[in-house]
Amino acid sequence: MAMRFTLRQIEYFVAVGELGSIALASERLHISSPSISTAISQLETTLGLQLFIRQHAQGLALTQAGRRVMAEAKVLLAQARALHGVADELSGEVRGVITVGSLVTVAPLILPGLRRAFEAAHPNAELRQFTADHAALLERLRDAGIDIALTYDMEIPQDIHFEPLAGLPPLALVAPDHPLAEADEVTLERLAEEKLILLDLPLSREYFLSLFQRAGLKPRIAERVPDLAVIRSMVANGFGYSLANIRPLTDLAPDGSRLATVPVGGDHPPLMLGMATARAGAKPRVLEAFEEHCRAAITDAHIPGMAPVS
């Protein structure tokens, strides 16, 4: 019996079923919403089944038939990935598509360059990008929305494998005319006297606050901002200091103002930048090749897009 549906239709169906929204599936897959909607309609016509209940306010919900098809569709996609893996192993080629997730704070610095170099070395490989906070990246790994995440070693669950690549100690960001701007390093005791603009992202904020807690200090939180780019401009304009673990090659804030970066003195645990992947299942050759690429490109001595810490 001829198969009248495509693996692409199955992939779109699974994404919509997991996310409950064509719009969210479009963001995950980097495919237009009309294309996904058309593929779902074609799949329903081919199977002669209604797979979703359209709920205008709540999005899409799987029907009972849709839930049964979803279970088999996931098995089919897993088998297809395994087949591609066998083909890659036998041919020795690095080919196929993987989705790489990255922390929203790190992605602008390292991800485009990593992607360009990897695709140049492996013309038959394609990388798709996804950026989010650390907690969201872990969830995407669990539901197979991404294949790998470039993130930190913060509260890694047992079902996720993390391989550290480079350590990033804490840094203080201050305005160029701040008294601390020319210091070789600054203590947490001194920073606790100043107004803190806290990077308000899940787990990142807990890490920075824990530095003070371990030292028995309480920071003066003036504002909580979830965007590091906004924070850099605020610091450069004198609204307070902030803490970060990344140091871009430029000392310019997004608005063109300058800021200064000062290492935080003391014995503070660095955040480890590394690769997170789901533990279950065999890895396709293209994913293994990207991991090898990251190991060579990201080290304590050099991180793409970042200046040395000292």
# chains A, B, ... in the order shown; residues from 1 in each chain; ligands from 1

call {"tool": "residues_around", "arguments": {"residues": "A:Arg205", "least_positions_apart": "6", "cutoff": "12 Å", "atoms": "only C-alpha atoms", "output": "PDB file with C-alpha atoms, in the first residue's frame"}}
result
ATOM      1  CA  ASP A 133      16.087  31.404  28.744  1.00  0.00           C
ATOM      2  CA  HIS A 134      17.688  28.395  30.422  1.00  0.00           C
ATOM      3  CA  MET A 154      22.266  25.543  36.220  1.00  0.00           C
ATOM      4  CA  LEU A 196      21.906  46.736  41.234  1.00  0.00           C
ATOM      5  CA  ILE A 197      20.059  46.312  37.934  1.00  0.00           C
ATOM      6  CA  LEU A 198      19.378  42.587  38.136  1.00  0.00           C
ATOM      7  CA  LEU A 199      19.199  40.360  35.059  1.00  0.00           C
ATOM      8  CA  LEU A 211      26.722  35.117  45.175  1.00  0.00           C
ATOM      9  CA  PHE A 212      25.580  37.671  47.731  1.00  0.00           C
ATOM     10  CA  ILE A 221      18.143  45.782  43.817  1.00  0.00           C
ATOM     11  CA  ARG A 224      14.805  43.922  37.532  1.00  0.00           C
ATOM     12  CA  VAL A 225      15.216  43.735  33.757  1.00  0.00           C
ATOM     13  CA  PRO A 226      14.957  40.533  31.650  1.00  0.00           C
ATOM     14  CA  ASP A 227      17.002  41.864  28.713  1.00  0.00           C
ATOM     15  CA  LEU A 228      20.798  42.069  28.970  1.00  0.00           C
ATOM     16  CA  SER A 242      24.835  44.971  36.922  1.00  0.00           C
ATOM     17  CA  LEU A 243      26.334  41.498  36.992  1.00  0.00           C
ATOM     18  CA  ALA A 244      26.985  39.251  34.022  1.00  0.00           C
ATOM     19  CA  ASN A 245      29.139  36.318  32.971  1.00  0.00           C
TER      20      ASN A 245
END

call {"tool": "select_by_dssp", "arguments": {"residues": "stretch 123-310 of chain A", "states": "alpha helix (DSSP H)", "output": "number ranges by chain"}}
result
A: 134-142, 188-191, 204-214, 228-236, 285-297

call {"tool": "residues_around", "arguments": {"residues": "stretch 157-171 of chain A", "least_positions_apart": "3", "cutoff": "6 Å", "atoms": "only C-alpha atoms", "output": "NGL selection string"}}
result
:A and (243-245 or 262-264 or 270-279 or 299-300)

call {"tool": "atom_distance", "arguments": {"atom1": "atom CA of A:Gly101", "atom2": "atom CA of A:Phe208"}}
result
22.6 Å

call {"tool": "closest_residue", "arguments": {"among": "A:Ala121, A:Ser26, A:Gly265, A:Pro254", "to": "A:Arg190", "atoms": "only C-alpha atoms"}}
result
A:Gly265

call {"tool": "residues_around", "arguments": {"residues": "A:Glu291", "least_positions_apart": "2", "cutoff": "12 Å", "atoms": "only C-alpha atoms", "output": "PyMOL selection string"}}
result
chain A and resi 98+100+114-115+118+147-150+162-165+274-277+283-289+293-298

call {"tool": "residues_around", "arguments": {"residues": "A:Thr131", "least_positions_apart": "6", "cutoff": "12 Å", "atoms": "only C-alpha atoms", "output": "tab-separated table (two decimals) with N, CA and C atoms, in the first residue's frame"}}
result
chain	number	residue	atom	x	y	z
A	27	GLU	N	7.00	28.91	14.93
A	27	GLU	CA	8.22	29.44	15.53
A	27	GLU	C	9.25	28.33	15.74
A	28	ARG	N	8.79	27.17	16.19
A	28	ARG	CA	9.73	26.07	16.44
A	28	ARG	C	10.38	25.59	15.15
A	99	THR	N	18.30	21.50	15.11
A	99	THR	CA	17.90	22.77	15.70
A	99	THR	C	18.74	23.00	16.95
A	100	VAL	N	19.44	24.12	16.95
A	100	VAL	CA	20.36	24.45	18.05
A	100	VAL	C	19.72	25.55	18.89
A	101	GLY	N	19.51	25.27	20.15
A	101	GLY	CA	19.01	26.27	21.07
A	101	GLY	C	20.16	26.96	21.78
A	102	SER	N	19.95	28.21	22.16
A	102	SER	CA	21.00	28.94	22.87
A	102	SER	C	20.37	29.93	23.84
A	103	LEU	N	21.05	30.17	24.93
A	103	LEU	CA	20.62	31.20	25.86
A	103	LEU	C	20.47	32.53	25.14
A	104	VAL	N	19.42	33.26	25.47
A	104	VAL	CA	19.15	34.52	24.81
A	104	VAL	C	20.28	35.52	25.04
A	105	THR	N	20.99	35.42	26.16
A	105	THR	CA	22.09	36.34	26.42
A	105	THR	C	23.36	35.97	25.67
A	106	VAL	N	23.53	34.69	25.37
A	106	VAL	CA	24.75	34.20	24.73
A	106	VAL	C	24.62	34.14	23.21
A	107	ALA	N	23.42	33.86	22.74
A	107	ALA	CA	23.21	33.60	21.31
A	107	ALA	C	23.75	34.68	20.39
A	108	PRO	N	23.52	35.97	20.64
A	108	PRO	CA	24.00	36.98	19.69
A	108	PRO	C	25.52	36.98	19.51
A	110	ILE	N	27.77	34.16	20.07
A	110	ILE	CA	28.45	32.95	19.60
A	110	ILE	C	27.72	32.16	18.53
A	111	LEU	N	26.39	32.22	18.51
A	111	LEU	CA	25.65	31.29	17.65
A	111	LEU	C	25.80	31.56	16.16
A	112	PRO	N	25.68	32.80	15.67
A	112	PRO	CA	25.81	33.01	14.22
A	112	PRO	C	27.17	32.58	13.67
A	137	LEU	N	14.89	26.33	27.48
A	137	LEU	CA	15.74	25.45	26.66
A	137	LEU	C	15.65	24.01	27.14
A	138	LEU	N	15.64	23.82	28.45
A	138	LEU	CA	15.54	22.46	28.98
A	138	LEU	C	14.21	21.82	28.60
A	140	ARG	N	12.45	22.52	25.92
A	140	ARG	CA	12.50	22.21	24.49
A	140	ARG	C	13.32	20.95	24.21
A	145	GLY	N	11.94	19.66	20.78
A	145	GLY	CA	11.83	20.87	19.96
A	145	GLY	C	13.17	21.37	19.48
A	146	ILE	N	14.24	21.03	20.24
A	146	ILE	CA	15.60	21.34	19.81
A	146	ILE	C	16.44	20.08	20.01
A	148	ILE	N	19.95	20.28	20.62
A	148	ILE	CA	21.06	20.59	21.51
A	148	ILE	C	20.88	22.03	21.99
A	149	ALA	N	21.39	22.31	23.18
A	149	ALA	CA	21.30	23.68	23.71
A	149	ALA	C	22.68	24.12	24.19
A	150	LEU	N	23.05	25.33	23.83
A	150	LEU	CA	24.25	25.97	24.38
A	150	LEU	C	23.78	26.80	25.56
A	151	THR	N	24.10	26.36	26.76
A	151	THR	CA	23.54	26.97	27.95
A	151	THR	C	24.49	26.80	29.12

call {"tool": "residues_around", "arguments": {"residues": "stretch 179-189 of chain A", "least_positions_apart": "3", "cutoff": "10 Å", "atoms": "only C-alpha atoms", "output": "JSON, numbers by chain"}}
result
{"A": [171, 172, 173, 174, 175, 176, 192, 193, 194, 211, 212, 215, 216, 217, 218, 219, 259, 260, 261, 262, 263, 264, 265, 266, 310]}

call {"tool": "residues_around", "arguments": {"residues": "A:Val14", "least_positions_apart": "2", "cutoff": "10 Å", "atoms": "only C-alpha atoms", "output": "ChimeraX atom specification"}}
result
/A:8-12,16-20,25,40,66,69-71,73-74,77

call {"tool": "write_last_selection", "arguments": {"atoms": "N, CA and C atoms", "output": "PDB file, in the first residue's frame"}}
result
ATOM      1  N   ARG A   8       7.195  15.137   6.335  1.00  0.00           N
ATOM      2  CA  ARG A   8       7.089  16.558   6.687  1.00  0.00           C
ATOM      3  C   ARG A   8       5.719  16.858   7.296  1.00  0.00           C
ATOM      4  N   GLN A   9       4.669  16.296   6.707  1.00  0.00           N
ATOM      5  CA  GLN A   9       3.337  16.474   7.281  1.00  0.00           C
ATOM      6  C   GLN A   9       3.283  15.903   8.692  1.00  0.00           C
ATOM      7  N   ILE A  10       3.905  14.755   8.895  1.00  0.00           N
ATOM      8  CA  ILE A  10       3.938  14.136  10.219  1.00  0.00           C
ATOM      9  C   ILE A  10       4.695  15.027  11.205  1.00  0.00           C
ATOM     10  N   GLU A  11       5.819  15.586  10.759  1.00  0.00           N
ATOM     11  CA  GLU A  11       6.607  16.470  11.624  1.00  0.00           C
ATOM     12  C   GLU A  11       5.788  17.685  12.045  1.00  0.00           C
ATOM     13  N   TYR A  12       5.076  18.285  11.105  1.00  0.00           N
ATOM     14  CA  TYR A  12       4.256  19.456  11.417  1.00  0.00           C
ATOM     15  C   TYR A  12       3.121  19.074  12.376  1.00  0.00           C
ATOM     16  N   VAL A  16       2.503  20.671  16.170  1.00  0.00           N
ATOM     17  CA  VAL A  16       1.252  21.329  16.543  1.00  0.00           C
ATOM     18  C   VAL A  16       0.590  20.593  17.706  1.00  0.00           C
ATOM     19  N   GLY A  17       0.621  19.255  17.663  1.00  0.00           N
ATOM     20  CA  GLY A  17       0.024  18.477  18.736  1.00  0.00           C
ATOM     21  C   GLY A  17       0.702  18.718  20.076  1.00  0.00           C
ATOM     22  N   GLU A  18       2.025  18.861  20.072  1.00  0.00           N
ATOM     23  CA  GLU A  18       2.751  19.085  21.316  1.00  0.00           C
ATOM     24  C   GLU A  18       2.548  20.495  21.858  1.00  0.00           C
ATOM     25  N   LEU A  19       2.485  21.468  20.951  1.00  0.00           N
ATOM     26  CA  LEU A  19       2.417  22.865  21.374  1.00  0.00           C
ATOM     27  C   LEU A  19       1.003  23.407  21.452  1.00  0.00           C
ATOM     28  N   GLY A  20       0.051  22.741  20.782  1.00  0.00           N
ATOM     29  CA  GLY A  20      -1.332  23.190  20.811  1.00  0.00           C
ATOM     30  C   GLY A  20      -1.582  24.471  20.053  1.00  0.00           C
ATOM     31  N   ALA A  25       4.113  26.275  16.643  1.00  0.00           N
ATOM     32  CA  ALA A  25       4.799  25.298  15.797  1.00  0.00           C
ATOM     33  C   ALA A  25       5.572  25.998  14.693  1.00  0.00           C
ATOM     34  N   ILE A  40      -1.464  20.091   7.744  1.00  0.00           N
ATOM     35  CA  ILE A  40      -2.358  19.410   8.688  1.00  0.00           C
ATOM     36  C   ILE A  40      -3.674  19.035   8.002  1.00  0.00           C
ATOM     37  N   GLY A  66      -6.725  11.834  17.169  1.00  0.00           N
ATOM     38  CA  GLY A  66      -5.468  12.562  17.039  1.00  0.00           C
ATOM     39  C   GLY A  66      -4.429  12.100  18.040  1.00  0.00           C
ATOM     40  N   VAL A  69      -3.013   8.818  16.788  1.00  0.00           N
ATOM     41  CA  VAL A  69      -2.122   9.060  15.644  1.00  0.00           C
ATOM     42  C   VAL A  69      -0.827   9.707  16.122  1.00  0.00           C
ATOM     43  N   MET A  70      -0.909  10.591  17.123  1.00  0.00           N
ATOM     44  CA  MET A  70       0.283  11.256  17.650  1.00  0.00           C
ATOM     45  C   MET A  70       1.291  10.246  18.181  1.00  0.00           C
ATOM     46  N   ALA A  71       0.816   9.254  18.933  1.00  0.00           N
ATOM     47  CA  ALA A  71       1.724   8.251  19.492  1.00  0.00           C
ATOM     48  C   ALA A  71       2.469   7.515  18.387  1.00  0.00           C
ATOM     49  N   ALA A  73       2.872   8.614  15.294  1.00  0.00           N
ATOM     50  CA  ALA A  73       3.656   9.578  14.513  1.00  0.00           C
ATOM     51  C   ALA A  73       5.023   9.802  15.143  1.00  0.00           C
ATOM     52  N   LYS A  74       5.084   9.854  16.476  1.00  0.00           N
ATOM     53  CA  LYS A  74       6.364  10.042  17.155  1.00  0.00           C
ATOM     54  C   LYS A  74       7.282   8.851  16.923  1.00  0.00           C
ATOM     55  N   LEU A  77       8.637   9.172  13.351  1.00  0.00           N
ATOM     56  CA  LEU A  77       9.698  10.172  13.227  1.00  0.00           C
ATOM     57  C   LEU A  77      11.008   9.662  13.837  1.00  0.00           C
TER      58      LEU A  77
END

call {"tool": "select_by_dssp", "arguments": {"residues": "stretch 27-257 of chain A", "states": "strand (DSSP E)", "output": "count of residues only"}}
result
56

call {"tool": "atom_distance", "arguments": {"atom1": "atom CA of A:Arg116", "atom2": "atom CA of A:Met306"}}
result
16.7 Å

call {"tool": "closest_residue", "arguments": {"among": "A:Pro248, A:Gly96, A:Gly59, A:Pro202", "to": "A:Pro123", "atoms": "only C-alpha atoms"}}
result
A:Gly96

call {"tool": "atom_distance", "arguments": {"atom1": "atom CA of A:Ala15", "atom2": "atom CA of A:Arg95"}}
result
22.2 Å

call {"tool": "decode", "arguments": {"residues": "stretch 122-166 of chain A", "atoms": "C-alpha atoms", "output": "PDB file, in the first residue's frame"}}
result
ATOM      1  CA  HIS A 122      29.592  20.682   6.150  1.00  0.00           C
ATOM      2  CA  PRO A 123      27.625  22.002   3.131  1.00  0.00           C
ATOM      3  CA  ASN A 124      24.985  19.263   3.426  1.00  0.00           C
ATOM      4  CA  ALA A 125      24.163  20.206   7.010  1.00  0.00           C
ATOM      5  CA  GLU A 126      21.658  22.855   8.058  1.00  0.00           C
ATOM      6  CA  LEU A 127      21.333  24.482  11.469  1.00  0.00           C
ATOM      7  CA  ARG A 128      18.120  26.050  12.710  1.00  0.00           C
ATOM      8  CA  GLN A 129      18.306  28.493  15.615  1.00  0.00           C
ATOM      9  CA  PHE A 130      16.187  28.903  18.713  1.00  0.00           C
ATOM     10  CA  THR A 131      16.860  31.299  21.591  1.00  0.00           C
ATOM     11  CA  ALA A 132      15.283  31.304  25.049  1.00  0.00           C
ATOM     12  CA  ASP A 133      16.087  31.404  28.744  1.00  0.00           C
ATOM     13  CA  HIS A 134      17.688  28.395  30.422  1.00  0.00           C
ATOM     14  CA  ALA A 135      14.482  26.847  31.768  1.00  0.00           C
ATOM     15  CA  ALA A 136      12.754  27.079  28.380  1.00  0.00           C
ATOM     16  CA  LEU A 137      15.735  25.452  26.665  1.00  0.00           C
ATOM     17  CA  LEU A 138      15.535  22.458  28.984  1.00  0.00           C
ATOM     18  CA  GLU A 139      11.838  22.064  28.224  1.00  0.00           C
ATOM     19  CA  ARG A 140      12.500  22.212  24.488  1.00  0.00           C
ATOM     20  CA  LEU A 141      15.130  19.493  24.842  1.00  0.00           C
ATOM     21  CA  ARG A 142      12.613  17.302  26.640  1.00  0.00           C
ATOM     22  CA  ASP A 143       9.909  17.655  23.991  1.00  0.00           C
ATOM     23  CA  ALA A 144      12.432  17.310  21.116  1.00  0.00           C
ATOM     24  CA  GLY A 145      11.825  20.868  19.961  1.00  0.00           C
ATOM     25  CA  ILE A 146      15.596  21.339  19.810  1.00  0.00           C
ATOM     26  CA  ASP A 147      18.434  18.847  19.398  1.00  0.00           C
ATOM     27  CA  ILE A 148      21.061  20.592  21.512  1.00  0.00           C
ATOM     28  CA  ALA A 149      21.304  23.675  23.713  1.00  0.00           C
ATOM     29  CA  LEU A 150      24.249  25.971  24.377  1.00  0.00           C
ATOM     30  CA  THR A 151      23.537  26.975  27.950  1.00  0.00           C
ATOM     31  CA  TYR A 152      24.824  27.041  31.529  1.00  0.00           C
ATOM     32  CA  ASP A 153      25.171  24.289  34.123  1.00  0.00           C
ATOM     33  CA  MET A 154      22.266  25.543  36.220  1.00  0.00           C
ATOM     34  CA  GLU A 155      19.985  22.914  37.780  1.00  0.00           C
ATOM     35  CA  ILE A 156      20.505  20.328  35.044  1.00  0.00           C
ATOM     36  CA  PRO A 157      17.945  17.509  35.559  1.00  0.00           C
ATOM     37  CA  GLN A 158      18.922  13.852  35.398  1.00  0.00           C
ATOM     38  CA  ASP A 159      17.292  13.276  32.019  1.00  0.00           C
ATOM     39  CA  ILE A 160      19.532  15.928  30.410  1.00  0.00           C
ATOM     40  CA  HIS A 161      23.239  15.403  29.690  1.00  0.00           C
ATOM     41  CA  PHE A 162      25.474  18.454  30.113  1.00  0.00           C
ATOM     42  CA  GLU A 163      29.046  18.719  28.849  1.00  0.00           C
ATOM     43  CA  PRO A 164      30.956  21.782  30.119  1.00  0.00           C
ATOM     44  CA  LEU A 165      33.115  23.675  27.644  1.00  0.00           C
ATOM     45  CA  ALA A 166      34.234  26.941  29.278  1.00  0.00           C
TER      46      ALA A 166
END
